[in-house]
>>> print(open('final_24.pdb').read())   # PDB, N, CA and C atoms
ATOM      1  N   MET A 162     -19.633  23.881 -28.166
ATOM      2  CA  MET A 162     -20.777  23.326 -27.482
ATOM      3  C   MET A 162     -20.471  21.879 -27.123
ATOM      4  N   SER A 163     -20.560  21.552 -25.867
ATOM      5  CA  SER A 163     -20.304  20.191 -25.404
ATOM      6  C   SER A 163     -21.593  19.391 -25.418
ATOM      7  N   VAL A 164     -21.457  18.147 -25.823
ATOM      8  CA  VAL A 164     -22.600  17.242 -25.860
ATOM      9  C   VAL A 164     -22.200  15.967 -25.134
ATOM     10  N   ALA A 165     -23.073  15.495 -24.272
ATOM     11  CA  ALA A 165     -22.797  14.250 -23.552
ATOM     12  C   ALA A 165     -22.890  13.068 -24.510
ATOM     13  N   LEU A 166     -22.103  12.044 -24.238
ATOM     14  CA  LEU A 166     -22.134  10.853 -25.094
ATOM     15  C   LEU A 166     -23.523  10.252 -25.189
ATOM     16  N   LYS A 167     -24.252  10.296 -24.097
ATOM     17  CA  LYS A 167     -25.595   9.695 -24.111
ATOM     18  C   LYS A 167     -26.548  10.436 -25.041
ATOM     19  N   ASP A 168     -26.213  11.711 -25.376
ATOM     20  CA  ASP A 168     -27.065  12.512 -26.246
ATOM     21  C   ASP A 168     -26.722  12.359 -27.729
ATOM     22  N   LEU A 169     -25.637  11.657 -28.033
ATOM     23  CA  LEU A 169     -25.236  11.461 -29.418
ATOM     24  C   LEU A 169     -25.992  10.292 -30.039
ATOM     25  N   SER A 170     -26.284  10.437 -31.318
ATOM     26  CA  SER A 170     -26.888   9.310 -32.029
ATOM     27  C   SER A 170     -25.786   8.287 -32.311
ATOM     28  N   THR A 171     -26.198   7.106 -32.694
ATOM     29  CA  THR A 171     -25.229   6.054 -33.011
ATOM     30  C   THR A 171     -24.301   6.509 -34.132
ATOM     31  N   GLU A 172     -24.866   7.162 -35.141
ATOM     32  CA  GLU A 172     -24.069   7.643 -36.274
ATOM     33  C   GLU A 172     -23.061   8.703 -35.835
ATOM     34  N   GLN A 173     -23.491   9.635 -34.988
ATOM     35  CA  GLN A 173     -22.592  10.677 -34.497
ATOM     36  C   GLN A 173     -21.449  10.083 -33.671
ATOM     37  N   LEU A 174     -21.772   9.098 -32.844
ATOM     38  CA  LEU A 174     -20.753   8.446 -32.025
ATOM     39  C   LEU A 174     -19.756   7.696 -32.911
ATOM     40  N   GLU A 175     -20.252   7.014 -33.932
ATOM     41  CA  GLU A 175     -19.372   6.306 -34.857
ATOM     42  C   GLU A 175     -18.439   7.289 -35.568
ATOM     43  N   GLN A 176     -18.969   8.429 -36.008
ATOM     44  CA  GLN A 176     -18.152   9.434 -36.683
ATOM     45  C   GLN A 176     -17.086   9.994 -35.744
ATOM     46  N   LEU A 177     -17.446  10.237 -34.507
ATOM     47  CA  LEU A 177     -16.506  10.737 -33.513
ATOM     48  C   LEU A 177     -15.369   9.736 -33.287
ATOM     49  N   ILE A 178     -15.725   8.484 -33.152
ATOM     50  CA  ILE A 178     -14.720   7.434 -32.941
ATOM     51  C   ILE A 178     -13.830   7.299 -34.180
ATOM     52  N   GLU A 179     -14.424   7.342 -35.363
ATOM     53  CA  GLU A 179     -13.650   7.229 -36.601
ATOM     54  C   GLU A 179     -12.666   8.379 -36.743
ATOM     55  N   ARG A 180     -13.115   9.610 -36.468
ATOM     56  CA  ARG A 180     -12.223  10.769 -36.556
ATOM     57  C   ARG A 180     -11.068  10.649 -35.573
ATOM     58  N   THR A 181     -11.373  10.199 -34.356
ATOM     59  CA  THR A 181     -10.337  10.050 -33.336
ATOM     60  C   THR A 181      -9.309   9.008 -33.756
ATOM     61  N   ILE A 182      -9.785   7.886 -34.249
ATOM     62  CA  ILE A 182      -8.872   6.827 -34.698
ATOM     63  C   ILE A 182      -8.065   7.300 -35.897
ATOM     64  N   ASP A 183      -8.704   7.971 -36.845
ATOM     65  CA  ASP A 183      -8.001   8.475 -38.028
ATOM     66  C   ASP A 183      -6.873   9.425 -37.631
ATOM     67  N   ARG A 184      -7.161  10.338 -36.719
ATOM     68  CA  ARG A 184      -6.136  11.295 -36.273
ATOM     69  C   ARG A 184      -4.969  10.572 -35.611
ATOM     70  N   ARG A 185      -5.286   9.642 -34.729
ATOM     71  CA  ARG A 185      -4.216   8.920 -34.020
ATOM     72  C   ARG A 185      -3.390   8.077 -34.983
ATOM     73  N   LEU A 186      -4.049   7.428 -35.923
ATOM     74  CA  LEU A 186      -3.313   6.630 -36.906
ATOM     75  C   LEU A 186      -2.451   7.510 -37.804
ATOM     76  N   GLN A 187      -2.964   8.682 -38.149
ATOM     77  CA  GLN A 187      -2.199   9.597 -38.984
ATOM     78  C   GLN A 187      -0.918  10.028 -38.263
ATOM     79  N   VAL A 188      -1.025  10.382 -36.997
ATOM     80  CA  VAL A 188       0.152  10.767 -36.213
ATOM     81  C   VAL A 188       1.110   9.590 -36.099
ATOM     82  N   TRP A 189       0.583   8.427 -35.781
ATOM     83  CA  TRP A 189       1.415   7.235 -35.633
ATOM     84  C   TRP A 189       2.133   6.907 -36.936
ATOM     85  N   LEU A 190       1.413   6.975 -38.051
ATOM     86  CA  LEU A 190       2.006   6.659 -39.345
ATOM     87  C   LEU A 190       3.104   7.658 -39.695
ATOM     88  N   GLU A 191       2.878   8.918 -39.435
ATOM     89  CA  GLU A 191       3.898   9.929 -39.715
ATOM     90  C   GLU A 191       5.151   9.690 -38.863
ATOM     91  N   GLN A 192       4.950   9.378 -37.599
ATOM     92  CA  GLN A 192       6.092   9.088 -36.730
ATOM     93  C   GLN A 192       6.839   7.850 -37.208
ATOM     94  N   LEU A 193       6.112   6.850 -37.611
ATOM     95  CA  LEU A 193       6.726   5.620 -38.111
ATOM     96  C   LEU A 193       7.526   5.884 -39.382
ATOM     97  N   LEU A 194       6.941   6.618 -40.310
ATOM     98  CA  LEU A 194       7.643   6.926 -41.554
ATOM     99  C   LEU A 194       8.879   7.774 -41.296
ATOM    100  N   ASP A 195       8.776   8.733 -40.383
ATOM    101  CA  ASP A 195       9.942   9.543 -40.032
ATOM    102  C   ASP A 195      11.054   8.666 -39.469
ATOM    103  N   ALA A 196      10.686   7.745 -38.612
ATOM    104  CA  ALA A 196      11.686   6.862 -38.007
ATOM    105  C   ALA A 196      12.312   5.947 -39.059
ATOM    106  N   LEU A 197      11.515   5.456 -39.985
ATOM    107  CA  LEU A 197      12.030   4.534 -41.004
ATOM    108  C   LEU A 197      12.887   5.237 -42.044
ATOM    109  N   THR A 198      12.504   6.421 -42.424
ATOM    110  CA  THR A 198      13.235   7.122 -43.477
ATOM    111  C   THR A 198      14.294   8.060 -42.931
ATOM    112  N   GLU A 199      14.288   8.278 -41.615
ATOM    113  CA  GLU A 199      15.268   9.132 -40.945
ATOM    114  C   GLU A 199      15.366  10.501 -41.603
ATOM    115  N   ILE A 200      14.225  11.090 -41.894
ATOM    116  CA  ILE A 200      14.180  12.423 -42.487
ATOM    117  C   ILE A 200      14.157  13.443 -41.358
ATOM    118  N   ASP A 201      15.027  14.420 -41.446
ATOM    119  CA  ASP A 201      15.018  15.506 -40.468
ATOM    120  C   ASP A 201      13.845  16.433 -40.757
ATOM    121  N   ASP A 202      13.309  17.040 -39.703
ATOM    122  CA  ASP A 202      12.222  17.998 -39.877
ATOM    123  C   ASP A 202      12.664  19.175 -40.735
ATOM    124  N   GLU A 203      13.931  19.554 -40.626
ATOM    125  CA  GLU A 203      14.426  20.677 -41.409
ATOM    126  C   GLU A 203      14.372  20.375 -42.898
ATOM    127  N   ASP A 204      14.552  19.122 -43.261
ATOM    128  CA  ASP A 204      14.491  18.753 -44.662
ATOM    129  C   ASP A 204      13.070  18.867 -45.208
ATOM    130  N   LYS A 205      12.077  18.641 -44.357
ATOM    131  CA  LYS A 205      10.681  18.694 -44.793
ATOM    132  C   LYS A 205      10.127  20.109 -44.755
ATOM    133  N   ALA A 206      10.740  20.968 -43.950
ATOM    134  CA  ALA A 206      10.201  22.311 -43.746
ATOM    135  C   ALA A 206      10.459  23.174 -44.980
ATOM    136  N   VAL A 207       9.409  23.770 -45.474
ATOM    137  CA  VAL A 207       9.508  24.678 -46.603
ATOM    138  C   VAL A 207       8.754  25.946 -46.230
ATOM    139  N   LEU A 208       9.457  27.081 -46.294
ATOM    140  CA  LEU A 208       8.805  28.345 -45.976
ATOM    141  C   LEU A 208       8.021  28.825 -47.188
ATOM    142  N   ARG A 209       6.858  29.359 -46.920
ATOM    143  CA  ARG A 209       6.093  29.969 -47.998
ATOM    144  C   ARG A 209       6.850  31.215 -48.440
ATOM    145  N   PRO A 210       6.869  31.510 -49.727
ATOM    146  CA  PRO A 210       7.667  32.634 -50.240
ATOM    147  C   PRO A 210       7.349  33.972 -49.557
ATOM    148  N   GLU A 211       6.077  34.251 -49.323
ATOM    149  CA  GLU A 211       5.720  35.535 -48.704
ATOM    150  C   GLU A 211       6.191  35.602 -47.257
ATOM    151  N   PHE A 212       6.187  34.466 -46.565
ATOM    152  CA  PHE A 212       6.688  34.453 -45.193
ATOM    153  C   PHE A 212       8.199  34.633 -45.183
ATOM    154  N   ALA A 213       8.889  33.967 -46.092
ATOM    155  CA  ALA A 213      10.343  34.086 -46.176
ATOM    156  C   ALA A 213      10.739  35.534 -46.464
ATOM    157  N   GLU A 214      10.038  36.194 -47.370
ATOM    158  CA  GLU A 214      10.332  37.597 -47.693
ATOM    159  C   GLU A 214      10.065  38.503 -46.493
ATOM    160  N   SER A 215       8.973  38.271 -45.795
ATOM    161  CA  SER A 215       8.657  39.050 -44.599
ATOM    162  C   SER A 215       9.730  38.867 -43.538
ATOM    163  N   LEU A 216      10.206  37.655 -43.388
ATOM    164  CA  LEU A 216      11.264  37.362 -42.428
ATOM    165  C   LEU A 216      12.559  38.084 -42.813
ATOM    166  N   ARG A 217      12.887  38.090 -44.099
ATOM    167  CA  ARG A 217      14.088  38.802 -44.557
ATOM    168  C   ARG A 217      13.981  40.298 -44.260
ATOM    169  N   ARG A 218      12.805  40.885 -44.521
ATOM    170  CA  ARG A 218      12.602  42.315 -44.234
ATOM    171  C   ARG A 218      12.752  42.605 -42.748
ATOM    172  N   SER A 219      12.181  41.742 -41.922
ATOM    173  CA  SER A 219      12.261  41.923 -40.473
ATOM    174  C   SER A 219      13.708  41.855 -39.983
ATOM    175  N   ILE A 220      14.468  40.927 -40.511
ATOM    176  CA  ILE A 220      15.876  40.802 -40.125
ATOM    177  C   ILE A 220      16.650  42.047 -40.555
ATOM    178  N   ALA A 221      16.388  42.512 -41.780
ATOM    179  CA  ALA A 221      17.070  43.718 -42.267
ATOM    180  C   ALA A 221      16.712  44.932 -41.406
ATOM    181  N   GLN A 222      15.449  45.077 -41.024
ATOM    182  CA  GLN A 222      15.029  46.191 -40.170
ATOM    183  C   GLN A 222      15.695  46.110 -38.807
ATOM    184  N   ALA A 223      15.783  44.914 -38.253
ATOM    185  CA  ALA A 223      16.418  44.740 -36.943
ATOM    186  C   ALA A 223      17.896  45.110 -37.016
ATOM    187  N   ARG A 224      18.567  44.690 -38.081
ATOM    188  CA  ARG A 224      19.990  45.015 -38.248
ATOM    189  C   ARG A 224      20.210  46.510 -38.435
ATOM    190  N   ALA A 225      19.240  47.187 -39.049
ATOM    191  CA  ALA A 225      19.355  48.629 -39.278
ATOM    192  C   ALA A 225      18.919  49.433 -38.049
ATOM    193  N   GLY A 226      18.510  48.730 -36.999
ATOM    194  CA  GLY A 226      18.090  49.421 -35.783
ATOM    195  C   GLY A 226      16.689  50.002 -35.860
ATOM    196  N   GLU A 227      15.889  49.482 -36.757
ATOM    197  CA  GLU A 227      14.532  49.977 -36.937
ATOM    198  C   GLU A 227      13.508  49.197 -36.121
ATOM    199  N   GLY A 228      13.986  48.425 -35.179
ATOM    200  CA  GLY A 228      13.078  47.612 -34.368
ATOM    201  C   GLY A 228      12.457  48.412 -33.242
ATOM    202  N   ILE A 229      11.627  47.747 -32.481
ATOM    203  CA  ILE A 229      10.964  48.362 -31.337
ATOM    204  C   ILE A 229      10.943  47.334 -30.212
ATOM    205  N   ASP A 230      11.120  47.807 -28.995
ATOM    206  CA  ASP A 230      11.079  46.867 -27.883
ATOM    207  C   ASP A 230       9.625  46.548 -27.526
ATOM    208  N   LEU A 231       9.435  45.452 -26.831
ATOM    209  CA  LEU A 231       8.091  44.957 -26.524
ATOM    210  C   LEU A 231       7.284  45.962 -25.714
ATOM    211  N   GLN A 232       7.902  46.592 -24.725
ATOM    212  CA  GLN A 232       7.186  47.553 -23.884
ATOM    213  C   GLN A 232       6.669  48.729 -24.709
ATOM    214  N   SER A 233       7.497  49.260 -25.602
ATOM    215  CA  SER A 233       7.070  50.378 -26.459
ATOM    216  C   SER A 233       5.919  49.958 -27.369
ATOM    217  N   PHE A 234       6.011  48.737 -27.879
ATOM    218  CA  PHE A 234       4.945  48.231 -28.748
ATOM    219  C   PHE A 234       3.631  48.139 -27.981
ATOM    220  N   ARG A 235       3.699  47.614 -26.774
ATOM    221  CA  ARG A 235       2.482  47.499 -25.952
ATOM    222  C   ARG A 235       1.881  48.861 -25.670
ATOM    223  N   GLU A 236       2.734  49.849 -25.403
ATOM    224  CA  GLU A 236       2.241  51.208 -25.151
ATOM    225  C   GLU A 236       1.557  51.779 -26.392
ATOM    226  N   GLN A 237       2.131  51.506 -27.555
ATOM    227  CA  GLN A 237       1.547  52.016 -28.797
ATOM    228  C   GLN A 237       0.173  51.429 -29.082
ATOM    229  N   ILE A 238      -0.017  50.167 -28.729
ATOM    230  CA  ILE A 238      -1.316  49.545 -29.008
ATOM    231  C   ILE A 238      -2.278  49.662 -27.830
ATOM    232  N   GLY A 239      -1.813  50.337 -26.770
ATOM    233  CA  GLY A 239      -2.701  50.591 -25.626
ATOM    234  C   GLY A 239      -2.853  49.454 -24.670
ATOM    235  N   ARG A 240      -1.864  48.645 -24.513
ATOM    236  CA  ARG A 240      -1.935  47.522 -23.582
ATOM    237  C   ARG A 240      -1.055  47.751 -22.406
TER     238      ARG A 240
END
>>> encode(input="final_24.pdb", output="structure tokens")
Amino acid sequence: MSVALKDLSTEQLEQLIERTIDRRLQVWLEQLLDALTEIDDEDKAVLRPEFAESLRRSIAQARAGEGIDLQSFREQIGR
């Protein structure tokens, strides 16, 4: 639901501005820290165990030829 700025109360407008500034500062701070510490994204990335296991199963199925092409999948789901 969109609301015009003129329809916001002073408190709502202040909260909106604070959230916007907080988000921008958070992004800026993260970029700054990354630049200062020279940490690669790969070093920070950690897969959740269940996702990693699912990925391993998918790779094993693909290697065993148990995969499906996109067109066949779409046909199966009726798209």
>>> atom_distance(input="final_24.pdb", atom1="atom CA of Asp230 of chain A", atom2="atom CA of Glu214 of chain A")
21.9 Å
>>> atom_distance(input="final_24.pdb", atom1="atom CA of Lys167 of chain A", atom2="atom N of Glu179 of chain A")
16.0 Å
>>> atom_distance(input="final_24.pdb", atom1="atom N of Ala225 of chain A", atom2="atom C of Phe212 of chain A")
17.8 Å
